[in-house]
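Colleague: Got a file for you: target.txt, compact mmCIF, C-alpha atoms and all ligand atoms.
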# COMPACT_ATOMS: atom_id res chain seq x y z
CA VAL A 1 -23.88 13.72 -8.83
CA ASP A 2 -20.56 15.12 -7.67
CA PHE A 3 -17.83 12.44 -7.86
CA ASP A 4 -14.19 11.60 -8.51
CA VAL A 5 -13.64 8.03 -9.70
CA LYS A 6 -11.17 6.43 -12.08
CA ASP A 7 -13.32 5.54 -15.05
CA GLN A 8 -17.07 5.86 -15.38
CA SER A 9 -17.14 3.25 -18.16
CA LEU A 10 -16.41 0.56 -15.54
CA ALA A 11 -19.87 1.08 -14.01
CA ALA A 12 -21.65 -1.79 -15.78
CA ARG A 13 -19.12 -4.33 -14.50
CA GLY A 14 -19.32 -2.77 -11.04
CA LYS A 15 -23.09 -3.15 -11.00
CA VAL A 16 -23.07 -6.90 -11.67
CA ARG A 17 -20.36 -7.43 -9.09
CA ILE A 18 -22.36 -5.41 -6.53
CA GLU A 19 -25.36 -7.63 -7.31
CA TRP A 20 -23.23 -10.75 -6.82
CA ALA A 21 -22.09 -9.54 -3.39
CA GLY A 22 -25.67 -8.52 -2.56
CA ALA A 23 -26.85 -12.07 -3.20
CA HIS A 24 -24.54 -13.17 -0.38
CA MET A 25 -25.75 -10.48 2.01
CA PRO A 26 -29.30 -11.59 2.88
CA VAL A 27 -29.45 -9.85 6.27
CA LEU A 28 -28.53 -6.50 4.76
CA ALA A 29 -31.03 -7.15 1.95
CA ALA A 30 -33.84 -7.68 4.48
CA ILE A 31 -32.88 -4.43 6.21
CA ARG A 32 -32.76 -2.63 2.87
CA ASP A 33 -36.29 -3.86 2.01
CA ARG A 34 -37.62 -2.64 5.33
CA PHE A 35 -35.75 0.67 4.99
CA ALA A 36 -37.29 1.16 1.53
CA LYS A 37 -40.77 0.89 3.06
CA GLU A 38 -40.24 2.76 6.32
CA LYS A 39 -37.68 5.43 5.25
CA PRO A 40 -36.24 5.72 8.76
CA LEU A 41 -33.28 7.80 7.53
CA ASP A 42 -35.27 10.30 5.50
CA GLY A 43 -33.05 13.26 4.62
CA LEU A 44 -30.24 12.18 6.96
CA ARG A 45 -26.83 13.20 5.56
CA VAL A 46 -24.32 10.38 6.06
CA ALA A 47 -20.64 10.69 5.09
CA ALA A 48 -18.88 7.33 4.89
CA CYS A 49 -15.13 6.67 4.76
CA LEU A 50 -15.00 2.92 4.14
CA HIS A 51 -13.18 0.51 1.85
CA VAL A 52 -14.90 1.02 -1.50
CA THR A 53 -15.87 -2.58 -2.24
CA THR A 54 -18.93 -4.35 -3.58
CA GLU A 55 -19.96 -5.10 0.02
CA THR A 56 -19.73 -1.45 1.02
CA ALA A 57 -21.76 -0.59 -2.07
CA ASN A 58 -24.59 -2.76 -0.73
CA LEU A 59 -24.44 -0.90 2.58
CA MET A 60 -24.60 2.45 0.75
CA LEU A 61 -27.63 1.26 -1.23
CA ALA A 62 -29.39 0.10 1.95
CA LEU A 63 -28.85 3.51 3.58
CA GLN A 64 -29.99 5.23 0.40
CA ALA A 65 -33.14 3.04 0.35
CA GLY A 66 -33.81 4.25 3.90
CA GLY A 67 -33.88 7.83 2.63
CA ALA A 68 -30.36 8.86 3.63
CA ASP A 69 -28.30 11.24 1.53
CA VAL A 70 -25.04 9.26 1.51
CA SER A 71 -21.61 10.05 0.15
CA LEU A 72 -18.54 7.84 0.18
CA CYS A 73 -14.75 8.14 0.14
CA ALA A 74 -12.08 5.48 0.62
CA SER A 75 -10.64 4.51 3.99
CA ASN A 76 -7.41 3.30 2.37
CA PRO A 77 -5.70 4.49 -0.84
CA LEU A 78 -5.21 0.94 -2.14
CA SER A 79 -8.48 -0.81 -1.32
CA THR A 80 -10.83 0.88 -3.79
CA GLN A 81 -12.49 -1.23 -6.47
CA ASP A 82 -12.71 1.26 -9.35
CA ASP A 83 -15.66 -0.48 -11.03
CA THR A 84 -17.62 -0.38 -7.78
CA ALA A 85 -16.89 3.32 -7.34
CA ALA A 86 -18.12 4.00 -10.90
CA ALA A 87 -21.30 1.98 -10.34
CA LEU A 88 -22.07 3.86 -7.13
CA VAL A 89 -21.98 7.13 -9.05
CA GLU A 90 -24.60 5.68 -11.43
CA TYR A 91 -26.70 4.75 -8.43
CA GLY A 92 -26.66 8.45 -7.52
CA ILE A 93 -24.17 8.21 -4.65
CA PRO A 94 -21.45 10.88 -4.62
CA THR A 95 -18.28 8.76 -4.52
CA PHE A 96 -14.70 9.98 -4.26
CA ALA A 97 -12.18 7.15 -4.52
CA ILE A 98 -9.52 5.98 -6.95
CA LYS A 99 -7.42 2.86 -6.39
CA GLY A 100 -3.79 3.89 -5.83
CA GLU A 101 -4.60 7.55 -5.12
CA ASP A 102 -1.76 9.50 -3.50
CA ASN A 103 -1.97 10.90 0.01
CA ASP A 104 -3.08 14.37 -1.12
CA THR A 105 -5.91 12.95 -3.21
CA TYR A 106 -6.89 10.63 -0.36
CA TYR A 107 -7.34 13.61 1.97
CA LYS A 108 -8.93 15.74 -0.77
CA HIS A 109 -11.56 12.98 -1.09
CA ILE A 110 -12.18 13.05 2.65
CA ASP A 111 -12.78 16.81 2.32
CA CYS A 112 -15.25 16.16 -0.50
CA VAL A 113 -17.55 14.05 1.71
CA LEU A 114 -17.17 16.38 4.69
CA ASP A 115 -18.03 19.37 2.46
CA ARG A 116 -21.49 17.79 2.17
CA ASP A 117 -22.08 18.72 5.81
CA PRO A 118 -22.98 15.28 7.22
CA ALA A 119 -24.96 14.68 10.38
CA ILE A 120 -23.57 11.15 10.69
CA THR A 121 -20.03 9.94 9.97
CA MET A 122 -19.11 6.32 9.26
CA ASP A 123 -15.44 5.51 9.62
CA ASP A 124 -13.15 2.54 9.12
CA GLY A 125 -10.00 3.75 10.88
CA ALA A 126 -11.27 7.09 12.28
CA ASP A 127 -9.96 9.31 9.48
CA LEU A 128 -13.17 11.38 9.18
CA VAL A 129 -13.23 11.93 12.93
CA SER A 130 -9.56 12.80 12.91
CA VAL A 131 -9.84 15.36 10.07
CA LEU A 132 -12.91 16.91 11.71
CA HIS A 133 -11.12 17.29 15.04
CA LYS A 134 -7.91 18.64 13.50
CA GLN A 135 -9.07 20.81 10.60
CA ARG A 136 -12.83 21.26 10.63
CA VAL A 137 -13.61 22.09 14.22
CA GLU A 138 -16.39 24.56 13.32
CA GLN A 139 -18.36 21.76 11.61
CA MET A 140 -18.45 19.40 14.57
CA SER A 141 -21.41 21.00 16.35
CA ARG A 142 -23.60 19.87 13.42
CA ILE A 143 -22.49 16.23 13.67
CA VAL A 144 -25.00 14.11 15.55
CA ALA A 145 -22.85 10.99 15.86
CA GLY A 146 -20.47 8.63 14.09
CA THR A 147 -19.82 4.91 13.77
CA GLU A 148 -16.48 3.10 13.69
CA GLU A 149 -15.89 -0.18 11.89
CA THR A 150 -12.45 -1.34 12.97
CA THR A 151 -10.36 -2.16 16.04
CA THR A 152 -7.64 0.39 15.23
CA GLY A 153 -10.22 3.17 14.96
CA VAL A 154 -11.95 2.20 18.19
CA ILE A 155 -8.65 2.19 20.10
CA ARG A 156 -7.92 5.75 18.90
CA LEU A 157 -11.43 6.97 19.65
CA ARG A 158 -11.39 5.51 23.16
CA GLN A 159 -8.07 7.32 23.70
CA MET A 160 -9.62 10.58 22.45
CA ALA A 161 -12.55 10.07 24.85
CA ALA A 162 -10.14 9.32 27.73
CA ASP A 163 -8.20 12.51 26.93
CA ASN A 164 -11.51 14.44 26.87
CA VAL A 165 -11.01 15.68 23.32
CA LEU A 166 -13.74 13.66 21.55
CA LYS A 167 -16.36 16.19 20.48
CA PHE A 168 -19.21 13.97 19.29
CA PRO A 169 -20.54 10.50 20.14
CA ILE A 170 -19.31 7.43 18.30
CA VAL A 171 -20.74 3.92 18.26
CA ALA A 172 -18.01 1.26 18.24
CA VAL A 173 -19.58 -1.10 15.72
CA ASN A 174 -16.35 -3.13 15.71
CA ASP A 175 -16.84 -4.11 19.32
CA THR A 176 -20.22 -5.75 18.92
CA PRO A 177 -19.96 -9.58 18.90
CA THR A 178 -21.70 -10.10 15.54
CA LYS A 179 -18.95 -7.91 14.06
CA HIS A 180 -15.59 -8.79 15.59
CA LEU A 181 -16.23 -12.44 16.42
CA PHE A 182 -16.97 -13.12 12.75
CA ASP A 183 -15.57 -10.44 10.41
CA ASN A 184 -12.28 -9.94 12.27
CA ARG A 185 -11.74 -13.69 12.62
CA TYR A 186 -13.23 -15.53 9.65
CA GLY A 187 -13.04 -12.55 7.31
CA THR A 188 -9.43 -11.63 8.06
CA GLY A 189 -8.36 -15.27 8.18
CA GLN A 190 -9.66 -16.11 4.73
CA SER A 191 -9.17 -12.81 2.90
CA THR A 192 -5.57 -12.33 4.04
CA LEU A 193 -4.54 -15.75 2.82
CA ASP A 194 -6.51 -15.01 -0.36
CA GLY A 195 -4.57 -11.76 -0.91
CA ILE A 196 -1.18 -13.38 -0.34
CA THR A 197 -2.11 -16.33 -2.55
CA ARG A 198 -3.30 -14.09 -5.41
CA ALA A 199 -0.15 -11.94 -5.14
CA THR A 200 2.40 -14.76 -4.89
CA ASN A 201 0.72 -18.06 -5.85
CA ILE A 202 2.66 -19.79 -3.04
CA LEU A 203 1.80 -23.23 -1.71
CA TRP A 204 0.92 -22.83 1.95
CA ALA A 205 1.46 -26.46 2.93
CA GLY A 206 4.82 -26.86 4.63
CA GLN A 207 5.54 -23.11 4.91
CA HIS A 208 6.62 -21.62 8.21
CA VAL A 209 4.07 -18.84 8.63
CA VAL A 210 4.73 -16.26 11.34
CA ILE A 211 1.70 -14.32 12.55
CA GLY A 212 2.39 -11.15 14.51
CA GLY A 213 -0.55 -10.68 16.89
CA TYR A 214 -3.14 -13.10 18.24
CA GLY A 215 -6.21 -10.87 18.47
CA TYR A 216 -9.34 -11.92 16.56
CA GLY A 217 -7.62 -11.32 13.23
CA GLY A 218 -4.54 -13.29 14.26
CA ARG A 219 -6.64 -16.16 15.57
CA GLY A 220 -8.53 -16.45 12.32
CA LEU A 221 -5.35 -16.31 10.30
CA ALA A 222 -3.54 -18.87 12.42
CA SER A 223 -6.38 -21.37 12.20
CA ARG A 224 -6.84 -20.92 8.43
CA ALA A 225 -3.09 -21.11 7.72
CA ARG A 226 -2.90 -24.33 9.74
CA GLY A 227 -5.87 -25.63 7.78
CA LEU A 228 -3.85 -25.18 4.60
CA GLY A 229 -0.97 -27.21 6.03
CA ALA A 230 1.31 -24.38 7.18
CA GLN A 231 3.46 -24.62 10.31
CA VAL A 232 2.24 -21.62 12.26
CA ILE A 233 4.28 -19.54 14.70
CA VAL A 234 2.57 -16.80 16.71
CA THR A 235 4.22 -13.78 18.30
CA GLU A 236 2.45 -11.84 21.06
CA VAL A 237 3.02 -9.31 23.84
CA ASP A 238 -0.10 -10.21 25.84
CA PRO A 239 0.49 -13.24 28.10
CA VAL A 240 -3.16 -14.35 28.03
CA LYS A 241 -3.34 -14.30 24.23
CA ALA A 242 0.06 -15.96 23.98
CA LEU A 243 -1.11 -18.71 26.33
CA GLU A 244 -4.26 -19.20 24.29
CA ALA A 245 -2.14 -19.59 21.16
CA VAL A 246 0.03 -22.20 22.91
CA MET A 247 -3.08 -24.12 24.04
CA GLU A 248 -4.37 -24.02 20.47
CA GLY A 249 -1.21 -25.85 19.46
CA PHE A 250 0.74 -23.01 17.85
CA ARG A 251 4.42 -22.33 18.50
CA VAL A 252 4.86 -19.03 20.33
CA MET A 253 8.16 -17.16 20.52
CA PRO A 254 9.60 -13.63 20.28
CA MET A 255 9.72 -12.14 16.79
CA ILE A 256 13.52 -12.06 16.81
CA ASP A 257 13.52 -15.89 17.00
CA ALA A 258 10.61 -16.31 14.58
CA ALA A 259 12.36 -13.97 12.12
CA ARG A 260 15.06 -16.60 11.51
CA ILE A 261 12.53 -19.38 10.83
CA GLY A 262 9.68 -17.81 8.87
CA ASP A 263 8.98 -18.16 5.16
CA VAL A 264 5.93 -15.86 5.30
CA PHE A 265 5.32 -13.10 7.88
CA ILE A 266 1.92 -11.51 8.43
CA THR A 267 1.36 -8.64 10.85
CA VAL A 268 -2.06 -8.03 12.38
CA THR A 269 -1.52 -6.13 15.63
CA GLY A 270 -2.67 -2.51 15.19
CA ASP A 271 0.74 -1.31 16.42
CA LYS A 272 3.87 -0.12 14.61
CA ASP A 273 7.30 -1.68 13.99
CA ILE A 274 6.28 -5.30 14.44
CA LEU A 275 8.84 -6.12 11.74
CA ARG A 276 11.87 -3.83 11.90
CA ARG A 277 15.57 -3.69 11.12
CA GLU A 278 16.70 -6.35 13.61
CA HIS A 279 14.18 -8.78 12.09
CA PHE A 280 14.99 -8.04 8.43
CA GLU A 281 18.67 -8.55 9.28
CA VAL A 282 18.14 -12.22 10.17
CA MET A 283 15.35 -13.27 7.78
CA LYS A 284 15.90 -16.12 5.34
CA ASP A 285 16.57 -15.34 1.71
CA GLY A 286 13.21 -15.17 -0.09
CA ALA A 287 11.10 -14.30 2.98
CA ILE A 288 7.68 -12.83 2.16
CA VAL A 289 6.34 -10.06 4.42
CA ALA A 290 2.79 -8.77 4.46
CA ASN A 291 0.52 -6.73 6.69
CA THR A 292 -3.20 -7.06 7.25
CA GLY A 293 -3.55 -4.55 10.11
CA HIS A 294 -5.31 -1.27 9.38
CA PHE A 295 -2.35 1.09 8.86
CA ASP A 296 0.88 0.54 6.93
CA VAL A 297 3.03 1.03 10.02
CA GLU A 298 3.36 -2.57 11.19
CA ILE A 299 6.23 -3.30 8.81
CA ASN A 300 8.89 -0.61 9.14
CA LYS A 301 9.51 0.17 5.47
CA ASP A 302 12.19 2.76 6.22
CA ASP A 303 14.22 0.11 8.03
CA LEU A 304 13.79 -2.29 5.11
CA ARG A 305 14.81 0.39 2.61
CA ALA A 306 17.88 1.27 4.68
CA LEU A 307 19.18 -2.29 4.23
CA THR A 308 18.30 -2.41 0.53
CA THR A 309 20.44 -1.76 -2.55
CA GLU A 310 17.78 -2.30 -5.22
CA THR A 311 14.05 -2.88 -5.58
CA ARG A 312 11.96 -4.19 -8.45
CA GLU A 313 8.35 -5.19 -8.90
CA VAL A 314 8.30 -8.90 -9.66
CA ARG A 315 4.51 -9.44 -9.78
CA ASP A 316 1.48 -7.27 -9.10
CA HIS A 317 1.67 -6.22 -5.43
CA VAL A 318 5.06 -7.95 -4.92
CA VAL A 319 8.24 -5.86 -4.62
CA GLU A 320 11.61 -7.56 -4.26
CA TYR A 321 14.04 -5.85 -1.88
CA LEU A 322 17.62 -6.87 -2.64
CA LEU A 323 19.56 -6.45 0.58
CA GLU A 324 23.23 -5.47 0.85
CA ASP A 325 24.24 -9.02 1.77
CA GLY A 326 22.49 -10.49 -1.28
CA ARG A 327 19.36 -11.81 0.46
CA LYS A 328 15.99 -10.92 -1.01
CA VAL A 329 12.89 -9.97 0.98
CA TYR A 330 9.51 -9.65 -0.75
CA LEU A 331 7.15 -6.95 0.52
CA LEU A 332 3.49 -7.31 -0.48
CA ALA A 333 1.12 -4.40 -1.22
CA ASP A 334 3.67 -1.90 0.08
CA GLY A 335 2.84 -2.98 3.62
CA ARG A 336 -0.81 -1.95 3.31
CA LEU A 337 -3.77 -4.20 4.10
CA VAL A 338 -2.91 -7.14 1.85
CA ASN A 339 -6.43 -8.60 1.94
CA LEU A 340 -7.95 -5.47 0.42
CA ALA A 341 -5.04 -4.39 -1.80
CA ALA A 342 -4.29 -7.76 -3.41
CA ALA A 343 -7.71 -9.41 -3.02
CA GLU A 344 -11.23 -8.14 -2.34
CA GLY A 345 -11.32 -7.93 1.45
CA HIS A 346 -13.64 -10.07 3.52
CA PRO A 347 -16.25 -12.13 1.70
CA ALA A 348 -19.74 -10.69 1.37
CA ALA A 349 -21.30 -13.30 3.66
CA VAL A 350 -19.34 -12.00 6.64
CA MET A 351 -19.60 -8.29 5.72
CA ASP A 352 -23.36 -9.00 5.68
CA MET A 353 -23.32 -9.03 9.48
CA SER A 354 -20.87 -6.16 9.96
CA PHE A 355 -22.81 -3.90 7.64
CA ALA A 356 -26.17 -4.99 9.03
CA ASP A 357 -24.81 -3.81 12.38
CA GLN A 358 -23.78 -0.52 10.73
CA ALA A 359 -27.16 0.02 9.06
CA LEU A 360 -29.17 -0.73 12.21
CA THR A 361 -26.84 1.46 14.28
CA VAL A 362 -27.39 4.42 11.94
CA GLU A 363 -31.15 3.84 12.25
CA TRP A 364 -30.82 3.72 16.06
CA LEU A 365 -28.88 6.99 16.01
CA ALA A 366 -31.50 8.60 13.78
CA LYS A 367 -34.22 7.60 16.26
CA GLN A 368 -32.55 9.06 19.36
CA ALA A 369 -34.87 11.52 21.03
CA GLY A 370 -32.13 13.84 22.28
CA PRO A 371 -28.41 14.32 21.68
CA LEU A 372 -25.99 11.72 23.05
CA LYS A 373 -22.98 13.01 25.00
CA PRO A 374 -19.58 12.78 23.29
CA ALA A 375 -18.30 9.31 24.25
CA VAL A 376 -17.68 5.93 22.68
CA TYR A 377 -20.85 3.79 22.84
CA ASP A 378 -21.47 0.10 22.35
CA VAL A 379 -23.96 -1.10 19.77
CA PRO A 380 -27.23 -1.82 21.64
CA GLU A 381 -27.48 -5.54 22.48
CA ASP A 382 -30.86 -5.79 20.73
CA ILE A 383 -29.21 -4.93 17.42
CA ASP A 384 -26.56 -7.60 17.88
CA ARG A 385 -29.14 -10.25 18.72
CA GLU A 386 -31.34 -9.20 15.80
CA VAL A 387 -28.43 -9.48 13.35
CA ALA A 388 -27.52 -12.94 14.67
CA ARG A 389 -31.18 -14.04 14.55
CA LEU A 390 -31.60 -12.86 10.96
CA LYS A 391 -28.30 -14.46 9.89
CA LEU A 392 -29.31 -17.81 11.38
CA GLN A 393 -32.71 -17.53 9.73
CA THR A 394 -31.15 -16.90 6.31
CA MET A 395 -28.86 -19.89 6.88
CA GLY A 396 -31.89 -22.08 7.68
CA VAL A 397 -30.65 -22.76 11.21
CA ALA A 398 -33.22 -22.98 14.02
CA ILE A 399 -32.30 -22.77 17.70
CA ASP A 400 -33.98 -23.66 21.00
CA GLU A 401 -35.89 -21.33 23.31
CA LEU A 402 -35.67 -21.39 27.09
CA THR A 403 -38.65 -23.06 28.78
CA PRO A 404 -40.43 -20.94 31.43
CA GLU A 405 -38.91 -23.23 34.08
CA GLN A 406 -35.42 -22.60 32.69
CA VAL A 407 -36.02 -18.85 32.73
CA ARG A 408 -37.16 -19.08 36.32
CA TYR A 409 -34.08 -21.16 37.27
CA LEU A 410 -31.68 -18.67 35.69
CA GLY A 411 -33.35 -15.85 37.62
CA SER A 412 -33.06 -17.62 40.98
CA TRP A 413 -30.16 -18.13 43.37
CA GLN A 414 -31.76 -20.30 46.06
CA GLU A 415 -31.47 -23.63 44.22
CA GLY A 416 -28.10 -25.36 44.61
CA THR A 417 -26.88 -28.96 44.83
N1 LIG A 501 -13.10 -4.63 5.39
C1 LIG A 501 -12.62 -5.86 5.20
N2 LIG A 501 -13.18 -6.43 4.12
C2 LIG A 501 -14.06 -5.53 3.60
C3 LIG A 501 -14.93 -5.54 2.49
N3 LIG A 501 -15.03 -6.60 1.69
N4 LIG A 501 -15.65 -4.44 2.28
C4 LIG A 501 -15.54 -3.36 3.09
N5 LIG A 501 -14.75 -3.30 4.15
C5 LIG A 501 -14.00 -4.39 4.43
Transcribe the structure of this file into structure tokens.
Ligand code: ADE

Modeller:
Amino acid sequence: VDFDVKDQSLAARGKVRIEWAGAHMPVLAAIRDRFAKEKPLDGLRVAACLHVTTETANLMLALQAGGADVSLCASNPLSTQDDTAAALVEYGIPTFAIKGEDNDTYYKHIDCVLDRDPAITMDDGADLVSVLHKQRVEQMSRIVAGTEETTTGVIRLRQMAADNVLKFPIVAVNDTPTKHLFDNRYGTGQSTLDGITRATNILWAGQHVVIGGYGYGGRGLASRARGLGAQVIVTEVDPVKALEAVMEGFRVMPMIDAARIGDVFITVTGDKDILRREHFEVMKDGAIVANTGHFDVEINKDDLRALTTETREVRDHVVEYLLEDGRKVYLLADGRLVNLAAAEGHPAAVMDMSFADQALTVEWLAKQAGPLKPAVYDVPEDIDREVARLKLQTMGVAIDELTPEQVRYLGSWQEGT
């Protein structure tokens, strides 16, 4: 197997951790069992650019069980679990990912999976699609379709489709309810606080926590931070989301006002410069800043550096910036996704649904009779319902069914008061 990982001797530890995650991913396990029998992906070449975690490993193994020829590279230079990468190589999956790899290596690893001439791409942040469109144009006619895991990627892909430059079809797995209503909210909420806690060991109770962005990720974070006793402030640009945050009982204000109050700042917007010079200038001494959005652009590091006289690493993933006026600001994980850099990303139980959606979407793509036009597609509703049904079943939760009379009533419009 072709590969580039940190240390092959970590494989044994990776394997038991992959098993542990697998035990919390019953929906994906059921799909893997069926795939092993039916081989719906026989011979299909799939190139995946995802966070290399134990949960992703279980997705790779499910696709492999279905007969796919999968290869994997990282979707972020800091999120790779080196033991997982080593274990995947032992499972026969070409894996190219090293935690802390520099930008050149990151892109070299993307080239490695694309060199395998995939028919299907799987992205978390649209980097495979982007490299294909910018540097590997000749290869795109052989790509049947791709999938996209995250909000940031879907936004870019929809923009590419709107500009008429998207050259192959993509399924927006992120947008299906069993993905974003759960993974983006409960996953981001818990794993981000986990990452910040592991990095800093702060007590959340009593802290003023400022959350930049009240999308699904922001909502999850705000509710979990409140649950730990923090006083939560939300910043937003969208009036509807801002209003929702107010109604949920959070304080809402512009970032320039929140910047003076916050002890901990967490960005989760998908946009750049959420924290910038004007905010760093007024922050309290000792403020902690972290990002959990996809790219490391939400905290303007150049602006922070411009105000800084000295930096030093004070704990793993915590760098102290000593500012000219003597205040200190602590930047976590160099502004990259703190939940994956300083912790392990979302828990397996929630990735179970996201990756079940991914696996069933790849199967759906493999079964298409003819080519789909280049566009961004939704996950078929049947897949979403099937994932929810299986998840409930594995949780031992039964639900009601509509009676025939109820079905008839819902299909009628004549009956009123
Ligand atoms: N994205 C967020 N958490 C993740 C995880 N645990 N594995 C893969 N991708 C993720």

Colleague: Output the neighbourhood of ligand LIG 501 (chain A) as a VMD selection string, that is, all protein and nucleic acid residues with some atom at most 8 Å from the ligand, counting only C-alpha atoms and all ligand atoms.

Modeller: chain A and resid 50 to 56 124 183 187 to 188 191 339 to 340 344 to 348 351

Colleague: If you count only C-alpha atoms, which residues fall within 10 Å of Ala342 of chain A, apart from same-chain ones fewer than 6 positions away, as a list in words?

Modeller: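 Contacts, with the query itself left out: Leu78, Ser79, Ser191, Thr192, Asp194, Gly195, Ile196, Thr197, Arg198, Ala199, Thr200, Asp316, His317, Val318, Leu332, Ala333 and Arg336 of chain A.
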
Colleague: Separation of atom CA of Pro371 of chain A and atom CA of Val144 of chain A, in Å?

Modeller: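 Here the two named atoms are 7.0 Å from each other.
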
Colleague: To one decimal in Å, tell me the separation between atom CA of Pro94 of chain A and atom CA of Phe3 of chain A.

Modeller: 5.1 Å

Colleague: Name the closest residue to Val237 of chain A among the candidates A:Glu138, A:Asp382, A:Asp271, A:Glu310; distances are taken between atoms, counting all atoms listed in the file.

Modeller: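 Of all the options, A:Asp271 lies closest to Val237 of chain A.
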
Colleague: Which residues come within 10 Å of Met140 of chain A, counting all atoms listed in the file, excluding same-chain residues fewer than 2 positions away, as a PDB file with C-alpha atoms, in the coordinates of the input?

Modeller:
ATOM      1  CA  ASP A 117     -22.080  18.720   5.810  1.00  0.00           C
ATOM      2  CA  PRO A 118     -22.980  15.280   7.220  1.00  0.00           C
ATOM      3  CA  ALA A 119     -24.960  14.680  10.380  1.00  0.00           C
ATOM      4  CA  VAL A 129     -13.230  11.930  12.930  1.00  0.00           C
ATOM      5  CA  LEU A 132     -12.910  16.910  11.710  1.00  0.00           C
ATOM      6  CA  HIS A 133     -11.120  17.290  15.040  1.00  0.00           C
ATOM      7  CA  ARG A 136     -12.830  21.260  10.630  1.00  0.00           C
ATOM      8  CA  VAL A 137     -13.610  22.090  14.220  1.00  0.00           C
ATOM      9  CA  GLU A 138     -16.390  24.560  13.320  1.00  0.00           C
ATOM     10  CA  ARG A 142     -23.600  19.870  13.420  1.00  0.00           C
ATOM     11  CA  ILE A 143     -22.490  16.230  13.670  1.00  0.00           C
ATOM     12  CA  VAL A 144     -25.000  14.110  15.550  1.00  0.00           C
ATOM     13  CA  ALA A 145     -22.850  10.990  15.860  1.00  0.00           C
ATOM     14  CA  LYS A 167     -16.360  16.190  20.480  1.00  0.00           C
ATOM     15  CA  PHE A 168     -19.210  13.970  19.290  1.00  0.00           C
TER      16      PHE A 168
END

Colleague: Name the residues within 12 Å of (-0.4, -17.4, 21.5), counting only C-alpha atoms in the file's coordinates, and put them as a VMD selection string.

Modeller: chain A and resid 210 to 216 218 to 219 222 to 223 232 to 254

Colleague: Using only C-alpha atoms, which of the listed residues (A:Pro40, A:Pro177, A:Pro77, A:Gly286) sits closest to Tyr321 of chain A?

Modeller: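 Closest candidate: A:Gly286.
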
Colleague: So the first atom is atom CA of Leu61 of chain A and the second is atom CA of Arg32 of chain A; what is the distance between them in Å, to one decimal place?

Modeller: 7.6 Å

Colleague: In the coordinate frame of the file, compute which residues have an atom within 12 Å of (22.9, -10.5, 6.6) when using all atoms listed in the file, and state them as number ranges by chain.

Modeller: A: 260, 277-285, 307-308, 322-329
